[in-house]
Amino acid sequence: MKTIIIIGFIPTLISLLTVIIFYKKLQPKWLQLFFYALVFTLASDIVSAFYSQYFKKSNHFIINIYLIVNFSFYFLIFSKAFETKKLKKIIYTTFIIYLLFALYDIIFIEGFYYFNTYSYCLGGILIVICCLLYFMWLFTSDRLMNYFTLPMFWISTGLLFFYVGSLVLMSLMGYIIENHLDPAGHIYQFIMVTLNVLLYGSFTISFLCNQVWKKTR
Amino acid sequence: MEKNQVIFAVLFATAVLVLLAGFLLFFLVRYRSRSNQYIRERENLKKEFEQTLLQSRVEVQENTFATLGQELHDNIGQLLVSAKALIGVTQRNLPCSPETLNIAEETLGKAINEVRSLSKSLDKEWLQQFDFINNLQTEVNRINAAKTLQINFSHPEKLLLQPEEQIILFRIVQEAIQNSVKHSHAQQIDISASHSVSSLIISIIDNGKGFEKDLMISSGLGLKNMKHRTQLLGGTIEWISSPGNGSTVILKLPVKKSEQ
């Protein structure tokens, strides 16, 4: 179990190291925000893992805080990536919907100390919609473009795989916990570590794509 | 059993959804590569069309200049010669030719020379006999003779360009000189032509009043023509100017290896 947890940190660490090394050369400049997001992610993972291991208590409240900040960050990235005002407005609207629901979920539905599956699912669905909007924009653009040199293509790919893959597990998380279907958390760890590799691997490629693909062209 | 079924269902659904997302991306990338090919072909066709259009415009302009040159020589030139001849006859018949008549005869002589010179510079066949350097030197001498400003022209022995390219280059430089003469109130124009490793660089520098570069390039028809002709030669043109600081035109043209 501990091995899986440690393995789960590796993609995040690699991604963080990459953004540190290429920090000044990152284009567009808003990619530099990933440095802060990845530091926050790593800190949240370490704190929640330690809390669970050494205090033997539920760390769900840490995860709930992390998720609100994390989803807000992704909405911010999409608002930076979209060029048209109409699409930016859609992103701002989805962000407000998510934030209001997440707060409502914490206060009135699932509570602060229980993993908020409803707000996770809503956030995940909204992120998937943002990814699909971005791909639709790419699909319909009449500009000559190589997807593999676009950082946002890789970021959207990673987010799409992660949230599409985790939605089934997370939507059933309450049921799984109540019925002790995965008491040791192995299934959860297996799925999340695999999806983490896809997500943070895509982030790493997005930080590199301007450097690597410029040289190969 | 039920527990295992639920776990299996979760894993299976997750795998199916991830695979679906993968297929979606695969088709997206594949469609884009075909779309990119189409966009490239469209861009190439557009460039070819613009090149052909530009070439046609230049040819039409050249033919117009040639016709104009012919008309100047045949019609206006002949009228001026006739008028000078009549004044000459009048001068010989008068016991004492008035000063104004002498000045008129002299002015007509100058006008006839100007018309002949202008007619020659517009005549394409004449241009093809001589190269850029000779043609431009003739133009410079004509303008210097008027003594309104001084043009200095430095050049290599020979320009490494085809005759057709030299004609187009001559028109660009002629336009630049005319702009300086008409608009800049310059006292001096320095024209320099030189070869570097793989290009020909021509600069036209005047000490006139300069102009607002961005405004003129966007609205000036003459400057647009210069830019189009330079593009036809595969080169670049740059204007450096600001009000009160004179102006510089720099032309850079590629020179093919076979011509070197």
# chains A, B, ... in the order shown; residues from 1 in each chain; ligands from 1
>>> interface_residues(of="chain B", to="chain A", cutoff="9 Å", atoms="only C-alpha atoms", output="list in words")
Lys3, Asn4, Val6, Ile7, Val10, Leu11, Ala13, Thr14, Ala15, Val16, Leu17, Val18, Leu19, Ala21, Gly22, Leu25, Leu28, Val29, Tyr31, Arg32, Ser33, Ser35, Asn36, Gln37, Ile39 and Arg40 of chain B
>>> closest_residue(among="A:Leu198, A:Cys130, A:Leu67, A:Ile77", to="Tyr118 in chain A", atoms="only C-alpha atoms")
A:Leu67
>>> residues_around(residues="Ser192 in chain B", least_positions_apart="3", cutoff="10 Å", atoms="only C-alpha atoms", output="short mmCIF file (atom, residue, chain, number, x, y, z; two decimals) with N, CA, C and O atoms, in the first residue's frame")
data_model
loop_
_atom_site.label_atom_id
_atom_site.label_comp_id
_atom_site.auth_asym_id
_atom_site.auth_seq_id
_atom_site.Cartn_x
_atom_site.Cartn_y
_atom_site.Cartn_z
N ASN B 152 24.06 61.10 -55.64
CA ASN B 152 25.31 60.34 -55.76
C ASN B 152 24.96 58.87 -55.89
O ASN B 152 24.15 58.34 -55.14
N PHE B 153 25.60 58.21 -56.85
CA PHE B 153 25.27 56.81 -57.12
C PHE B 153 26.57 55.99 -57.12
O PHE B 153 27.44 56.20 -57.95
N SER B 154 26.67 55.07 -56.15
CA SER B 154 27.83 54.17 -56.11
C SER B 154 27.35 52.74 -56.38
O SER B 154 26.28 52.33 -55.91
N HIS B 155 28.13 52.02 -57.17
CA HIS B 155 27.66 50.70 -57.62
C HIS B 155 28.83 49.79 -57.97
O HIS B 155 29.94 50.26 -58.24
N PRO B 156 28.57 48.47 -58.01
CA PRO B 156 29.63 47.56 -58.48
C PRO B 156 29.70 47.63 -60.00
O PRO B 156 28.89 48.33 -60.64
N ILE B 189 20.61 63.03 -52.37
CA ILE B 189 20.18 61.62 -52.31
C ILE B 189 21.41 60.76 -52.59
O ILE B 189 22.13 61.00 -53.56
N ILE B 201 22.21 44.37 -52.14
CA ILE B 201 21.63 45.36 -51.21
C ILE B 201 21.69 46.72 -51.87
O ILE B 201 22.76 47.17 -52.32
N ILE B 202 20.53 47.37 -51.92
CA ILE B 202 20.47 48.72 -52.49
C ILE B 202 19.86 49.64 -51.45
O ILE B 202 18.82 49.33 -50.86
N SER B 203 20.55 50.77 -51.24
CA SER B 203 20.00 51.74 -50.28
C SER B 203 19.84 53.09 -50.97
O SER B 203 20.65 53.48 -51.81
N ILE B 204 18.74 53.75 -50.61
CA ILE B 204 18.48 55.10 -51.15
C ILE B 204 18.24 55.98 -49.94
O ILE B 204 17.24 55.83 -49.22
N ILE B 205 19.19 56.89 -49.70
CA ILE B 205 19.13 57.73 -48.48
C ILE B 205 19.01 59.19 -48.88
O ILE B 205 19.81 59.68 -49.67
N ILE B 250 15.84 50.53 -47.89
CA ILE B 250 16.84 49.45 -48.05
C ILE B 250 16.17 48.27 -48.73
O ILE B 250 15.17 47.73 -48.25
#
>>> residues_around(residues="Val193 in chain A", least_positions_apart="3", cutoff="9 Å", atoms="only C-alpha atoms", output="short mmCIF file (atom, residue, chain, number, x, y, z; two decimals) with N, CA and C atoms, in the first residue's frame")
data_model
loop_
_atom_site.label_atom_id
_atom_site.label_comp_id
_atom_site.auth_asym_id
_atom_site.auth_seq_id
_atom_site.Cartn_x
_atom_site.Cartn_y
_atom_site.Cartn_z
N ILE A 4 2.50 1.79 -3.30
CA ILE A 4 1.61 2.39 -4.29
C ILE A 4 1.48 3.89 -4.04
N ILE A 5 1.39 4.28 -2.76
CA ILE A 5 1.27 5.69 -2.42
C ILE A 5 2.52 6.44 -2.92
N ILE A 7 4.63 5.47 -5.24
CA ILE A 7 4.63 5.48 -6.72
C ILE A 7 3.70 6.58 -7.24
N GLY A 8 2.60 6.80 -6.52
CA GLY A 8 1.64 7.83 -6.94
C GLY A 8 2.21 9.22 -6.93
N PHE A 9 3.27 9.45 -6.09
CA PHE A 9 3.89 10.78 -6.02
C PHE A 9 4.82 11.05 -7.21
N PRO A 11 4.81 10.69 -10.64
CA PRO A 11 4.45 11.53 -11.79
C PRO A 11 4.33 13.01 -11.42
N TYR A 188 -8.89 1.69 -5.38
CA TYR A 188 -8.82 3.14 -5.48
C TYR A 188 -7.40 3.56 -5.89
N GLN A 189 -6.40 3.03 -5.18
CA GLN A 189 -5.02 3.41 -5.45
C GLN A 189 -4.60 3.00 -6.86
N PHE A 190 -5.01 1.80 -7.27
CA PHE A 190 -4.62 1.31 -8.60
C PHE A 190 -5.15 2.23 -9.70
N ASN A 196 -3.20 9.16 -12.59
CA ASN A 196 -2.21 10.20 -12.26
C ASN A 196 -1.04 10.19 -13.25
N VAL A 197 -0.62 8.97 -13.61
CA VAL A 197 0.48 8.86 -14.58
C VAL A 197 0.06 9.53 -15.90
N LEU A 198 -1.18 9.25 -16.33
CA LEU A 198 -1.68 9.88 -17.57
C LEU A 198 -1.77 11.40 -17.41
#
>>> residues_around(residues="Asn70 in chain A", least_positions_apart="5", cutoff="12 Å", atoms="only C-alpha atoms", output="PyMOL selection string")
chain A and resi 33-34+36-42+44+63-65+75-77+95+98-99+120+123-124+127+159
>>> write_last_selection(atoms="C-alpha atoms", output="compact mmCIF listing (two decimals), in the first residue's frame")
# COMPACT_ATOMS: atom_id res chain seq x y z
CA LEU A 33 1.02 28.89 -12.75
CA PHE A 34 1.42 25.11 -12.82
CA TYR A 36 2.21 26.73 -7.72
CA ALA A 37 -0.54 24.21 -8.50
CA LEU A 38 1.87 21.27 -8.47
CA VAL A 39 3.51 22.40 -5.22
CA PHE A 40 0.05 22.66 -3.68
CA THR A 41 -0.92 19.21 -5.04
CA LEU A 42 2.24 17.58 -3.69
CA SER A 44 -1.82 18.20 -0.10
CA ILE A 63 -9.06 16.31 0.07
CA ASN A 64 -12.23 18.46 -0.01
CA ILE A 65 -10.18 21.66 0.38
CA PHE A 75 -11.00 26.57 -14.73
CA LEU A 76 -8.47 29.42 -14.55
CA ILE A 77 -6.20 27.60 -17.03
CA PHE A 95 -16.53 27.94 -12.44
CA TYR A 98 -19.01 24.57 -9.47
CA LEU A 99 -17.92 26.84 -6.62
CA TYR A 120 -16.23 15.99 -7.37
CA GLY A 123 -16.41 19.39 -11.15
CA GLY A 124 -15.22 16.40 -13.17
CA ILE A 127 -13.82 19.88 -16.67
CA LEU A 159 -7.57 16.15 -17.81
>>> select_by_dssp(residues="range 90-191 of chain A", states="helix (DSSP H, G or I)", output="number ranges by chain")
A: 90-109, 117-140, 147-149, 151-171, 173-178, 186-191
>>> residues_around(residues="Phe211 in chain B", least_positions_apart="6", cutoff="9 Å", atoms="only C-alpha atoms", output="list in words")
Ser184, Ser241, Ser242, Pro243, Gly244, Asn245, Gly246 and Ser247 of chain B
>>> residues_around(residues="Thr18 in chain A", least_positions_apart="5", cutoff="12 Å", atoms="only C-alpha atoms", output="ChimeraX atom specification")
/A:11-13,23-26,31-32,34-35,38,200-209,211
>>> select_by_dssp(residues="range 9-249 of chain B", states="strand (DSSP E)", output="short mmCIF file (atom, residue, chain, number, x, y, z; two decimals) with C-alpha atoms, in the first residue's frame")
data_model
loop_
_atom_site.label_atom_id
_atom_site.label_comp_id
_atom_site.auth_asym_id
_atom_site.auth_seq_id
_atom_site.Cartn_x
_atom_site.Cartn_y
_atom_site.Cartn_z
CA GLN B 150 22.41 66.29 -55.99
CA ILE B 151 22.23 62.50 -56.42
CA ASN B 152 25.31 60.34 -55.76
CA PHE B 153 25.27 56.81 -57.12
CA SER B 154 27.83 54.17 -56.11
CA GLN B 188 20.96 65.24 -51.51
CA ILE B 189 20.18 61.62 -52.31
CA ASP B 190 22.79 58.85 -51.93
CA ILE B 191 22.12 55.64 -53.83
CA SER B 192 24.33 52.65 -53.14
CA ALA B 193 24.26 49.16 -54.70
CA SER B 194 26.47 46.38 -53.34
CA HIS B 195 26.71 42.60 -53.35
CA SER B 199 22.22 38.99 -51.92
CA LEU B 200 22.14 42.40 -53.54
CA ILE B 201 21.63 45.36 -51.21
CA ILE B 202 20.47 48.72 -52.49
CA SER B 203 20.00 51.74 -50.28
CA ILE B 204 18.48 55.10 -51.15
CA ILE B 205 19.13 57.73 -48.48
CA ASP B 206 17.88 61.31 -48.62
CA THR B 236 12.56 42.52 -48.83
CA ILE B 237 12.16 46.27 -48.61
CA GLU B 238 12.44 48.38 -45.50
CA TRP B 239 11.78 52.09 -44.91
CA ILE B 240 13.52 53.89 -42.09
CA SER B 241 12.18 57.39 -41.56
CA SER B 247 14.48 58.74 -45.04
CA THR B 248 16.24 55.53 -46.02
CA VAL B 249 14.97 52.76 -48.26
#
>>> atom_distance(atom1="CA of Lys209 in chain B", atom2="CA of His183 in chain B")
8.4 Å
